[in-house]
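First the structure, in the form of structure tokens, and then the observations on it.
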Amino acid sequence: QNANFSAVTEFILIGFSSFPHLQLMFFLLFLLVYLFTLLGNLLIMATVWSECSLHTPMYLFLCALSISEILYTFAIIPRMLADLLSTDLSISFVACASQMFSFTPGFTHSFLLTVPVMGSDRYLAICHPLRYNVLMSPRGCACLVVWSWTGGLVVGLVVTSSIFQLTFCGSNEIRYFGCHVLPLFKLACGDNVSTVAKGVGLVCIAALLGCCLLILHSYAFIVAAILRIPSAEGRHKAFSTCASHLTVVVVHYGFASVIYLKPKGPQSLEGDTLMGITYTVLTPFLSPIIFSLRNKELKEAMKKTFLSKL
């Protein structure tokens with residue numbers, strides 16, 4: 001047994017090895033999606049920054065969401081694009097740990113979408129409009145954003161430190177396009193792997209389900225408040241104010257549930273890779289599109305800020 005034991009010092013990312021003839025097409029597609037993701041989020045941030053009428057809590061949270069998406073995609077997609085064109089798919093132990101910790105903006109993204117931040121903004125705007133300006137003060141909004149980032153950093157640090165204190169031996173091939181939680185657990189060895197896996201799984205699932213339950217609780221009050229509005233036009237206007245947030249929530253948590261809550265069982269490399277792409281590449285790409293297309297005020301501000309200068 002001692003002769004067969006060798007500690008892993010680097011990993012090999014083989015997520016796209018099942019698609020050898022499609023790697024160039026994937027590279028062009030993902031590069032285009034990545035550039036559009038960056039452009040969309042930067043446009044939202046620049047519009048909110050330059051338009052004084054958008055200096056409100058909702059758009060402050062939207063800017064924070066755009067920042068988390070830019071950092072999240074920057075930590076993963078450039079490396080993925082490089083691997084699609086390279087024959088050297090190795091990544092050092094330290095670089096792998098750093099990439100996993102870079103998933104922190106993903107946790108922050110979940111906290112920003114949930115009730116204490118963007119959810120509470122929509123809840124107060126609809127259910128308590130007269131107290132909105134008092135309860136959602138600039139200082140309070142800044143504190144909520146800081147707490148969301150702090151929560152994301154804490155969860156990211158706990159998950160990363162828990163996994164990389166394990167011993168990795170034997171195979172060093174990660175069946176994924178990045179250093180993700182589940183593929184790394186399959187490479188770990190030792191008596192404490194099961195315990196650590198249960199602990200990390202509990203943290204991730206608790207964060208995911210906790211945010212989902214809080215959002216459902218908030219929207220139950222929102223729907224009840226909307227239904228009490230007597231006119232159909234008023235109900236439509238009230239619902240449209242939170243339609244973009246609700247759409248992004250469904251997309252984000254829907255894809256996240258597929259990744260983190262899928263049942264145990266044999267999984268193909270192709271299936272794991274394609275499911276991971278939906279959450280890593282597609283979700284950040286859709287968010288700025290949904291927020292800009294579903295928000296009339298933001299669309300008008302973009303036209304005023306950029307199209308008028310052409």
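Residues are referred to by chain and number: the chain letter is A, B, ... according to the order shown in the structure tokens, the number counts from 1 in that chain, and ligands are numbered separately from 1 in the order shown.
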
Please provide as an NGL selection string all residues within 8 Å of segment 201-204 of chain A, with the sequence filter that same-chain residues fewer than 4 positions apart are discarded (counting only C-alpha atoms). :A and (155 or 159 or 197 or 208 or 260)

Keeping N, CA and C atoms for every residue in the selection just given, could you write it to a file as a PDB file, in the first residue's frame?
```
ATOM      1  N   VAL A 155     -17.993  31.420   3.411  1.00  0.00           N
ATOM      2  CA  VAL A 155     -18.372  30.114   2.868  1.00  0.00           C
ATOM      3  C   VAL A 155     -17.280  29.595   1.932  1.00  0.00           C
ATOM      4  N   VAL A 159     -15.184  26.103   2.626  1.00  0.00           N
ATOM      5  CA  VAL A 159     -15.222  25.007   1.652  1.00  0.00           C
ATOM      6  C   VAL A 159     -13.821  24.706   1.130  1.00  0.00           C
ATOM      7  N   ALA A 197     -16.707  15.504   3.367  1.00  0.00           N
ATOM      8  CA  ALA A 197     -17.667  15.620   2.265  1.00  0.00           C
ATOM      9  C   ALA A 197     -19.065  15.939   2.777  1.00  0.00           C
ATOM     10  N   LEU A 208     -27.728  27.105  -0.242  1.00  0.00           N
ATOM     11  CA  LEU A 208     -28.610  27.111  -1.415  1.00  0.00           C
ATOM     12  C   LEU A 208     -30.077  27.059  -1.015  1.00  0.00           C
ATOM     13  N   TYR A 260     -25.674  21.015  -7.557  1.00  0.00           N
ATOM     14  CA  TYR A 260     -25.426  20.653  -6.165  1.00  0.00           C
ATOM     15  C   TYR A 260     -26.418  19.655  -5.586  1.00  0.00           C
TER      16      TYR A 260
END
```

Would you kindly return, as a ChimeraX atom specification, each protein, DNA or RNA residue with an atom no farther than 12 Å from any atom of Val193 of chain A, considering only C-alpha atoms and excluding same-chain residues fewer than 3 positions away? /A:162-168,182,184-190,196-201

Which one is closest to Ala75 of chain A: A:Cys212, A:Leu22, A:Cys179, A:Ile12? Count only C-alpha atoms. A:Cys179

Please determine, counting only C-alpha atoms, which residue among A:Cys141, A:Ile76, A:Leu89, A:Met275 has the shortest atom-to-atom distance to Cys63 of chain A.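 Nearest candidate to Cys63 of chain A out of A:Cys141, A:Ile76, A:Leu89, A:Met275: A:Cys141.
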
What's the 8 Å shell around Ile70 of chain A, counting only C-alpha atoms, without same-chain residues fewer than 4 positions away, as a PyMOL selection string? chain A and resi 37-38+41+66+74

Quick one: write out the picked residues with all heavy atoms as a compact mmCIF listing (two decimals), in the first residue's frame?
```txt
# COMPACT_ATOMS: atom_id res chain seq x y z
N THR A 37 -20.83 38.85 -21.72
CA THR A 37 -21.11 38.93 -20.27
C THR A 37 -20.40 40.13 -19.65
O THR A 37 -20.99 40.89 -18.88
CB THR A 37 -20.65 37.63 -19.58
OG1 THR A 37 -21.34 36.52 -20.16
CG2 THR A 37 -20.94 37.68 -18.08
N LEU A 38 -19.11 40.29 -19.99
CA LEU A 38 -18.36 41.44 -19.49
C LEU A 38 -18.98 42.75 -19.97
O LEU A 38 -19.17 43.69 -19.18
CB LEU A 38 -16.90 41.35 -19.95
CG LEU A 38 -16.00 40.32 -19.28
CD1 LEU A 38 -14.61 40.38 -19.90
CD2 LEU A 38 -15.92 40.56 -17.79
N ASN A 41 -22.44 43.51 -18.20
CA ASN A 41 -22.31 43.96 -16.81
C ASN A 41 -21.63 45.32 -16.70
O ASN A 41 -22.01 46.14 -15.85
CB ASN A 41 -21.55 42.91 -16.00
CG ASN A 41 -22.38 41.69 -15.67
OD1 ASN A 41 -23.38 41.78 -14.96
ND2 ASN A 41 -22.00 40.55 -16.19
N SER A 66 -23.46 42.74 -10.60
CA SER A 66 -22.63 42.76 -11.81
C SER A 66 -21.16 42.55 -11.47
O SER A 66 -20.44 41.83 -12.18
CB SER A 66 -22.81 44.08 -12.55
OG SER A 66 -24.13 44.22 -13.05
N PHE A 74 -14.36 35.80 -14.45
CA PHE A 74 -12.94 36.05 -14.67
C PHE A 74 -12.08 34.97 -14.01
O PHE A 74 -10.99 34.64 -14.48
CB PHE A 74 -12.55 37.42 -14.12
CG PHE A 74 -11.09 37.76 -14.30
CD1 PHE A 74 -10.60 38.13 -15.54
CD2 PHE A 74 -10.22 37.69 -13.23
CE1 PHE A 74 -9.26 38.42 -15.71
CE2 PHE A 74 -8.88 38.00 -13.38
CZ PHE A 74 -8.39 38.36 -14.63
```

Report as number ranges by chain: the residues of segment 4-131 of chain A with a DSSP assignment of helix (DSSP H, G or I), based on the backbone of this structure. A: 23-50, 52-54, 57-85, 93-101, 104-113, 115-127, 129-131

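For the atom pair formed by atom CA of Asn192 of chain A and atom CA of Glu173 of chain A, the distance is 21.0 Å, given to one decimal.
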
My list of candidates is A:Leu282, A:Val145, A:Ala220, A:Ala232. Which is closest to Phe255 of chain A when distances are computed with only C-alpha atoms?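 Of A:Leu282, A:Val145, A:Ala220, A:Ala232, the one nearest Phe255 of chain A, counting only C-alpha atoms, is A:Leu282.
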
Separation of atom CA of Ile174 of chain A from atom CA of Ser90 of chain A, in Å and rounded to one decimal: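 Between atom CA of Ile174 of chain A and atom CA of Ser90 of chain A the gap works out to 9.8 Å.
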
Would you kindly return, as a list in words, each protein, DNA or RNA residue with an atom no farther than 8 Å from any atom of Phe16 of chain A, considering only C-alpha atoms and excluding same-chain residues fewer than 6 positions away? Gln23, Leu84, Tyr176, Phe177, Glu270 and Thr273 of chain A

Write the residues of the selection above to a file with N, CA and C atoms, as a PDB file, in the first residue's frame.
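Done, and the output landed in result11.pdb:
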```
ATOM      1  N   GLN A  23     -13.586  21.357 -29.679  1.00  0.00           N
ATOM      2  CA  GLN A  23     -12.932  22.282 -28.766  1.00  0.00           C
ATOM      3  C   GLN A  23     -12.748  23.668 -29.379  1.00  0.00           C
ATOM      4  N   LEU A  84      -8.823  24.946 -23.679  1.00  0.00           N
ATOM      5  CA  LEU A  84      -9.417  24.483 -24.929  1.00  0.00           C
ATOM      6  C   LEU A  84      -8.446  24.560 -26.099  1.00  0.00           C
ATOM      7  N   TYR A 176     -13.565  17.376 -14.844  1.00  0.00           N
ATOM      8  CA  TYR A 176     -14.306  18.633 -14.908  1.00  0.00           C
ATOM      9  C   TYR A 176     -13.397  19.653 -15.592  1.00  0.00           C
ATOM     10  N   PHE A 177     -13.937  20.831 -15.922  1.00  0.00           N
ATOM     11  CA  PHE A 177     -13.103  21.848 -16.564  1.00  0.00           C
ATOM     12  C   PHE A 177     -12.505  22.831 -15.561  1.00  0.00           C
ATOM     13  N   GLU A 270     -19.231  13.740 -20.062  1.00  0.00           N
ATOM     14  CA  GLU A 270     -19.894  14.708 -20.938  1.00  0.00           C
ATOM     15  C   GLU A 270     -21.051  15.401 -20.213  1.00  0.00           C
ATOM     16  N   THR A 273     -19.770  17.882 -17.541  1.00  0.00           N
ATOM     17  CA  THR A 273     -19.192  19.083 -18.164  1.00  0.00           C
ATOM     18  C   THR A 273     -20.275  20.009 -18.699  1.00  0.00           C
TER      19      THR A 273
END
```

Distance query Ile289 of chain A at most 12 Å, only C-alpha atoms, self and fewer than 4 positions along chain excluded, as a PDB file with N, CA, C and O atoms, in the first residue's frame:
```
ATOM      1  N   VAL A  33     -19.465  34.490 -25.602  1.00  0.00           N
ATOM      2  CA  VAL A  33     -20.362  34.617 -24.450  1.00  0.00           C
ATOM      3  C   VAL A  33     -19.679  35.389 -23.327  1.00  0.00           C
ATOM      4  O   VAL A  33     -20.299  36.246 -22.678  1.00  0.00           O
ATOM      5  N   PHE A  36     -19.534  39.116 -24.160  1.00  0.00           N
ATOM      6  CA  PHE A  36     -20.858  39.716 -24.006  1.00  0.00           C
ATOM      7  C   PHE A  36     -21.243  39.835 -22.526  1.00  0.00           C
ATOM      8  O   PHE A  36     -21.909  40.804 -22.133  1.00  0.00           O
ATOM      9  N   THR A  37     -20.834  38.855 -21.715  1.00  0.00           N
ATOM     10  CA  THR A  37     -21.106  38.928 -20.270  1.00  0.00           C
ATOM     11  C   THR A  37     -20.397  40.126 -19.654  1.00  0.00           C
ATOM     12  O   THR A  37     -20.990  40.891 -18.881  1.00  0.00           O
ATOM     13  N   LEU A  38     -19.113  40.288 -19.986  1.00  0.00           N
ATOM     14  CA  LEU A  38     -18.362  41.438 -19.491  1.00  0.00           C
ATOM     15  C   LEU A  38     -18.981  42.748 -19.965  1.00  0.00           C
ATOM     16  O   LEU A  38     -19.166  43.688 -19.184  1.00  0.00           O
ATOM     17  N   LEU A  39     -19.300  42.814 -21.265  1.00  0.00           N
ATOM     18  CA  LEU A  39     -19.864  44.036 -21.828  1.00  0.00           C
ATOM     19  C   LEU A  39     -21.194  44.376 -21.186  1.00  0.00           C
ATOM     20  O   LEU A  39     -21.446  45.536 -20.820  1.00  0.00           O
ATOM     21  N   GLY A  40     -22.066  43.380 -21.022  1.00  0.00           N
ATOM     22  CA  GLY A  40     -23.380  43.629 -20.431  1.00  0.00           C
ATOM     23  C   GLY A  40     -23.295  44.142 -19.008  1.00  0.00           C
ATOM     24  O   GLY A  40     -23.958  45.120 -18.640  1.00  0.00           O
ATOM     25  N   ASN A  41     -22.445  43.515 -18.196  1.00  0.00           N
ATOM     26  CA  ASN A  41     -22.315  43.959 -16.810  1.00  0.00           C
ATOM     27  C   ASN A  41     -21.629  45.315 -16.696  1.00  0.00           C
ATOM     28  O   ASN A  41     -22.005  46.138 -15.855  1.00  0.00           O
ATOM     29  N   LEU A  43     -21.794  47.672 -18.955  1.00  0.00           N
ATOM     30  CA  LEU A  43     -22.784  48.656 -19.408  1.00  0.00           C
ATOM     31  C   LEU A  43     -23.757  49.001 -18.281  1.00  0.00           C
ATOM     32  O   LEU A  43     -24.110  50.176 -18.098  1.00  0.00           O
ATOM     33  N   ILE A  44     -24.200  47.987 -17.547  1.00  0.00           N
ATOM     34  CA  ILE A  44     -25.108  48.236 -16.427  1.00  0.00           C
ATOM     35  C   ILE A  44     -24.437  49.115 -15.387  1.00  0.00           C
ATOM     36  O   ILE A  44     -25.012  50.102 -14.898  1.00  0.00           O
ATOM     37  N   SER A  66     -23.463  42.739 -10.598  1.00  0.00           N
ATOM     38  CA  SER A  66     -22.634  42.757 -11.811  1.00  0.00           C
ATOM     39  C   SER A  66     -21.165  42.546 -11.468  1.00  0.00           C
ATOM     40  O   SER A  66     -20.443  41.834 -12.176  1.00  0.00           O
ATOM     41  N   SER A 244     -37.895  40.928 -13.243  1.00  0.00           N
ATOM     42  CA  SER A 244     -36.520  40.624 -13.646  1.00  0.00           C
ATOM     43  C   SER A 244     -35.772  39.906 -12.528  1.00  0.00           C
ATOM     44  O   SER A 244     -35.030  38.947 -12.777  1.00  0.00           O
ATOM     45  N   HIS A 245     -35.959  40.370 -11.290  1.00  0.00           N
ATOM     46  CA  HIS A 245     -35.309  39.710 -10.150  1.00  0.00           C
ATOM     47  C   HIS A 245     -35.779  38.268 -10.021  1.00  0.00           C
ATOM     48  O   HIS A 245     -34.966  37.352  -9.822  1.00  0.00           O
ATOM     49  N   THR A 247     -36.998  36.317 -12.363  1.00  0.00           N
ATOM     50  CA  THR A 247     -36.494  35.526 -13.487  1.00  0.00           C
ATOM     51  C   THR A 247     -35.050  35.107 -13.254  1.00  0.00           C
ATOM     52  O   THR A 247     -34.683  33.946 -13.474  1.00  0.00           O
ATOM     53  N   VAL A 248     -34.201  36.044 -12.817  1.00  0.00           N
ATOM     54  CA  VAL A 248     -32.802  35.720 -12.546  1.00  0.00           C
ATOM     55  C   VAL A 248     -32.687  34.716 -11.407  1.00  0.00           C
ATOM     56  O   VAL A 248     -31.833  33.820 -11.437  1.00  0.00           O
ATOM     57  N   LEU A 282     -23.496  30.119 -18.829  1.00  0.00           N
ATOM     58  CA  LEU A 282     -24.791  30.604 -19.314  1.00  0.00           C
ATOM     59  C   LEU A 282     -25.488  31.536 -18.330  1.00  0.00           C
ATOM     60  O   LEU A 282     -26.039  32.568 -18.727  1.00  0.00           O
ATOM     61  N   THR A 283     -25.459  31.199 -17.036  1.00  0.00           N
ATOM     62  CA  THR A 283     -26.161  32.023 -16.045  1.00  0.00           C
ATOM     63  C   THR A 283     -25.632  33.450 -15.969  1.00  0.00           C
ATOM     64  O   THR A 283     -26.416  34.405 -16.014  1.00  0.00           O
ATOM     65  N   PRO A 284     -24.299  33.676 -15.867  1.00  0.00           N
ATOM     66  CA  PRO A 284     -23.805  35.062 -15.865  1.00  0.00           C
ATOM     67  C   PRO A 284     -24.091  35.798 -17.168  1.00  0.00           C
ATOM     68  O   PRO A 284     -24.226  37.021 -17.174  1.00  0.00           O
ATOM     69  N   PHE A 285     -24.200  35.061 -18.273  1.00  0.00           N
ATOM     70  CA  PHE A 285     -24.518  35.676 -19.562  1.00  0.00           C
ATOM     71  C   PHE A 285     -25.965  36.157 -19.615  1.00  0.00           C
ATOM     72  O   PHE A 285     -26.267  37.227 -20.174  1.00  0.00           O
ATOM     73  N   LEU A 293     -33.411  43.979 -20.293  1.00  0.00           N
ATOM     74  CA  LEU A 293     -34.592  43.873 -21.149  1.00  0.00           C
ATOM     75  C   LEU A 293     -35.890  44.004 -20.363  1.00  0.00           C
ATOM     76  O   LEU A 293     -36.888  44.514 -20.879  1.00  0.00           O
ATOM     77  N   ARG A 294     -35.891  43.543 -19.108  1.00  0.00           N
ATOM     78  CA  ARG A 294     -37.109  43.559 -18.313  1.00  0.00           C
ATOM     79  C   ARG A 294     -37.278  44.841 -17.505  1.00  0.00           C
ATOM     80  O   ARG A 294     -38.272  45.005 -16.831  1.00  0.00           O
ATOM     81  N   ASN A 295     -36.301  45.731 -17.582  1.00  0.00           N
ATOM     82  CA  ASN A 295     -36.349  46.950 -16.775  1.00  0.00           C
ATOM     83  C   ASN A 295     -36.421  48.161 -17.708  1.00  0.00           C
ATOM     84  O   ASN A 295     -35.432  48.542 -18.330  1.00  0.00           O
ATOM     85  N   LEU A 298     -34.076  51.126 -16.787  1.00  0.00           N
ATOM     86  CA  LEU A 298     -32.676  50.897 -17.124  1.00  0.00           C
ATOM     87  C   LEU A 298     -32.451  50.979 -18.627  1.00  0.00           C
ATOM     88  O   LEU A 298     -31.432  51.524 -19.081  1.00  0.00           O
ATOM     89  N   LYS A 299     -33.393  50.467 -19.419  1.00  0.00           N
ATOM     90  CA  LYS A 299     -33.265  50.555 -20.874  1.00  0.00           C
ATOM     91  C   LYS A 299     -33.263  52.003 -21.348  1.00  0.00           C
ATOM     92  O   LYS A 299     -32.451  52.394 -22.199  1.00  0.00           O
TER      93      LYS A 299
END
```

Quote the spacing between atom CA of Thr160 of chain A and atom CA of Phe93 of chain A in Å to one decimal place.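 Between these atoms lies a distance of 12.1 Å.
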
Compile the contact shell of segment 106-111 of chain A as number ranges by chain: residues with an atom at most 10 Å away, counting only C-alpha atoms, same-chain residues fewer than 4 positions apart removed. A: 64-69, 71-73, 102, 115-119, 144-156, 204, 207-208, 210-212, 249, 252-253, 256, 279-280, 284

Written file, previous selection with N, CA and C atoms, as a compact mmCIF listing (two decimals), in the first residue's frame:
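Produced file selection_30.txt, reproduced below:
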```txt
# COMPACT_ATOMS: atom_id res chain seq x y z
N ALA A 64 -23.64 45.69 -7.55
CA ALA A 64 -22.92 44.70 -6.76
C ALA A 64 -23.04 43.31 -7.38
N LEU A 65 -24.22 43.02 -7.93
CA LEU A 65 -24.43 41.74 -8.60
C LEU A 65 -23.57 41.65 -9.86
N SER A 66 -23.46 42.74 -10.60
CA SER A 66 -22.63 42.76 -11.81
C SER A 66 -21.16 42.55 -11.47
N ILE A 67 -20.70 43.16 -10.39
CA ILE A 67 -19.31 42.98 -9.96
C ILE A 67 -19.04 41.52 -9.61
N SER A 68 -19.95 40.90 -8.87
CA SER A 68 -19.76 39.49 -8.49
C SER A 68 -19.73 38.59 -9.72
N GLU A 69 -20.54 38.89 -10.73
CA GLU A 69 -20.55 38.08 -11.95
C GLU A 69 -19.27 38.26 -12.74
N LEU A 71 -16.27 39.05 -11.53
CA LEU A 71 -15.20 38.36 -10.81
C LEU A 71 -15.35 36.84 -10.91
N TYR A 72 -16.57 36.36 -10.85
CA TYR A 72 -16.81 34.91 -10.93
C TYR A 72 -16.39 34.36 -12.29
N THR A 73 -16.81 35.01 -13.36
CA THR A 73 -16.45 34.53 -14.69
C THR A 73 -14.96 34.71 -14.97
N SER A 102 -11.80 31.15 -5.67
CA SER A 102 -12.34 32.18 -6.57
C SER A 102 -13.80 31.95 -6.90
N VAL A 115 -33.28 37.29 0.13
CA VAL A 115 -34.15 38.22 0.84
C VAL A 115 -33.41 39.35 1.54
N PRO A 116 -32.31 39.11 2.27
CA PRO A 116 -31.71 40.22 2.99
C PRO A 116 -31.26 41.36 2.10
N VAL A 117 -31.11 41.14 0.79
CA VAL A 117 -30.60 42.21 -0.07
C VAL A 117 -31.62 42.54 -1.16
N MET A 118 -31.49 41.97 -2.37
CA MET A 118 -32.38 42.34 -3.46
C MET A 118 -33.82 41.93 -3.19
N GLY A 119 -34.01 40.78 -2.53
CA GLY A 119 -35.37 40.35 -2.21
C GLY A 119 -36.05 41.30 -1.25
N LEU A 144 -25.65 45.89 3.79
CA LEU A 144 -26.17 44.64 3.25
C LEU A 144 -25.23 44.06 2.20
N VAL A 145 -24.69 44.92 1.33
CA VAL A 145 -23.75 44.47 0.31
C VAL A 145 -22.48 43.92 0.96
N VAL A 146 -21.97 44.64 1.96
CA VAL A 146 -20.76 44.19 2.66
C VAL A 146 -20.99 42.85 3.34
N TRP A 147 -22.15 42.68 3.98
CA TRP A 147 -22.45 41.42 4.64
C TRP A 147 -22.59 40.28 3.63
N SER A 148 -23.12 40.57 2.45
CA SER A 148 -23.23 39.55 1.40
C SER A 148 -21.85 39.08 0.96
N TRP A 149 -20.94 40.03 0.73
CA TRP A 149 -19.58 39.67 0.35
C TRP A 149 -18.86 38.95 1.48
N THR A 150 -19.09 39.37 2.71
CA THR A 150 -18.47 38.70 3.85
C THR A 150 -18.96 37.25 3.96
N GLY A 151 -20.27 37.07 3.78
CA GLY A 151 -20.83 35.72 3.82
C GLY A 151 -20.25 34.84 2.73
N GLY A 152 -20.13 35.40 1.51
CA GLY A 152 -19.54 34.64 0.40
C GLY A 152 -18.10 34.26 0.67
N LEU A 153 -17.32 35.20 1.23
CA LEU A 153 -15.92 34.92 1.55
C LEU A 153 -15.79 33.84 2.62
N VAL A 154 -16.64 33.91 3.64
CA VAL A 154 -16.59 32.92 4.72
C VAL A 154 -16.92 31.53 4.19
N VAL A 155 -17.99 31.42 3.41
CA VAL A 155 -18.37 30.11 2.87
C VAL A 155 -17.28 29.60 1.93
N GLY A 156 -16.75 30.48 1.06
CA GLY A 156 -15.69 30.07 0.16
C GLY A 156 -14.45 29.60 0.89
N CYS A 204 -22.96 23.81 1.62
CA CYS A 204 -23.42 24.25 0.30
C CYS A 204 -24.94 24.13 0.16
N ALA A 207 -26.76 26.69 2.36
CA ALA A 207 -26.72 28.03 1.77
C ALA A 207 -27.71 28.13 0.61
N LEU A 208 -27.73 27.10 -0.24
CA LEU A 208 -28.61 27.11 -1.41
C LEU A 208 -30.08 27.06 -1.01
N GLY A 210 -31.38 27.51 1.99
CA GLY A 210 -31.74 28.61 2.88
C GLY A 210 -32.12 29.86 2.10
N CYS A 211 -31.31 30.19 1.09
CA CYS A 211 -31.61 31.36 0.25
C CYS A 211 -32.92 31.16 -0.51
N CYS A 212 -33.12 29.95 -1.03
CA CYS A 212 -34.36 29.67 -1.77
C CYS A 212 -35.59 29.82 -0.89
N VAL A 249 -33.54 34.85 -10.39
CA VAL A 249 -33.54 33.90 -9.27
C VAL A 249 -33.84 32.49 -9.77
N HIS A 252 -30.79 31.26 -11.85
CA HIS A 252 -29.60 31.02 -11.02
C HIS A 252 -29.78 29.78 -10.15
N TYR A 253 -30.87 29.71 -9.39
CA TYR A 253 -31.05 28.60 -8.46
C TYR A 253 -31.47 27.32 -9.18
N ALA A 256 -28.12 26.00 -10.35
CA ALA A 256 -27.34 25.61 -9.17
C ALA A 256 -27.88 24.32 -8.56
N TYR A 279 -24.22 26.48 -15.66
CA TYR A 279 -24.17 27.33 -14.47
C TYR A 279 -23.02 28.33 -14.54
N THR A 280 -21.87 27.91 -15.07
CA THR A 280 -20.68 28.74 -15.06
C THR A 280 -20.68 29.78 -16.16
N PRO A 284 -24.30 33.68 -15.87
CA PRO A 284 -23.80 35.06 -15.87
C PRO A 284 -24.09 35.80 -17.17
```

Could you pull out all residues of segment 30-246 of chain A with a DSSP call of strand (DSSP E) and give them as a list in words? Ser90, Ile91, Ser92, Thr167, Phe168, Glu173, Ile174, Ala188 and Cys189 of chain A
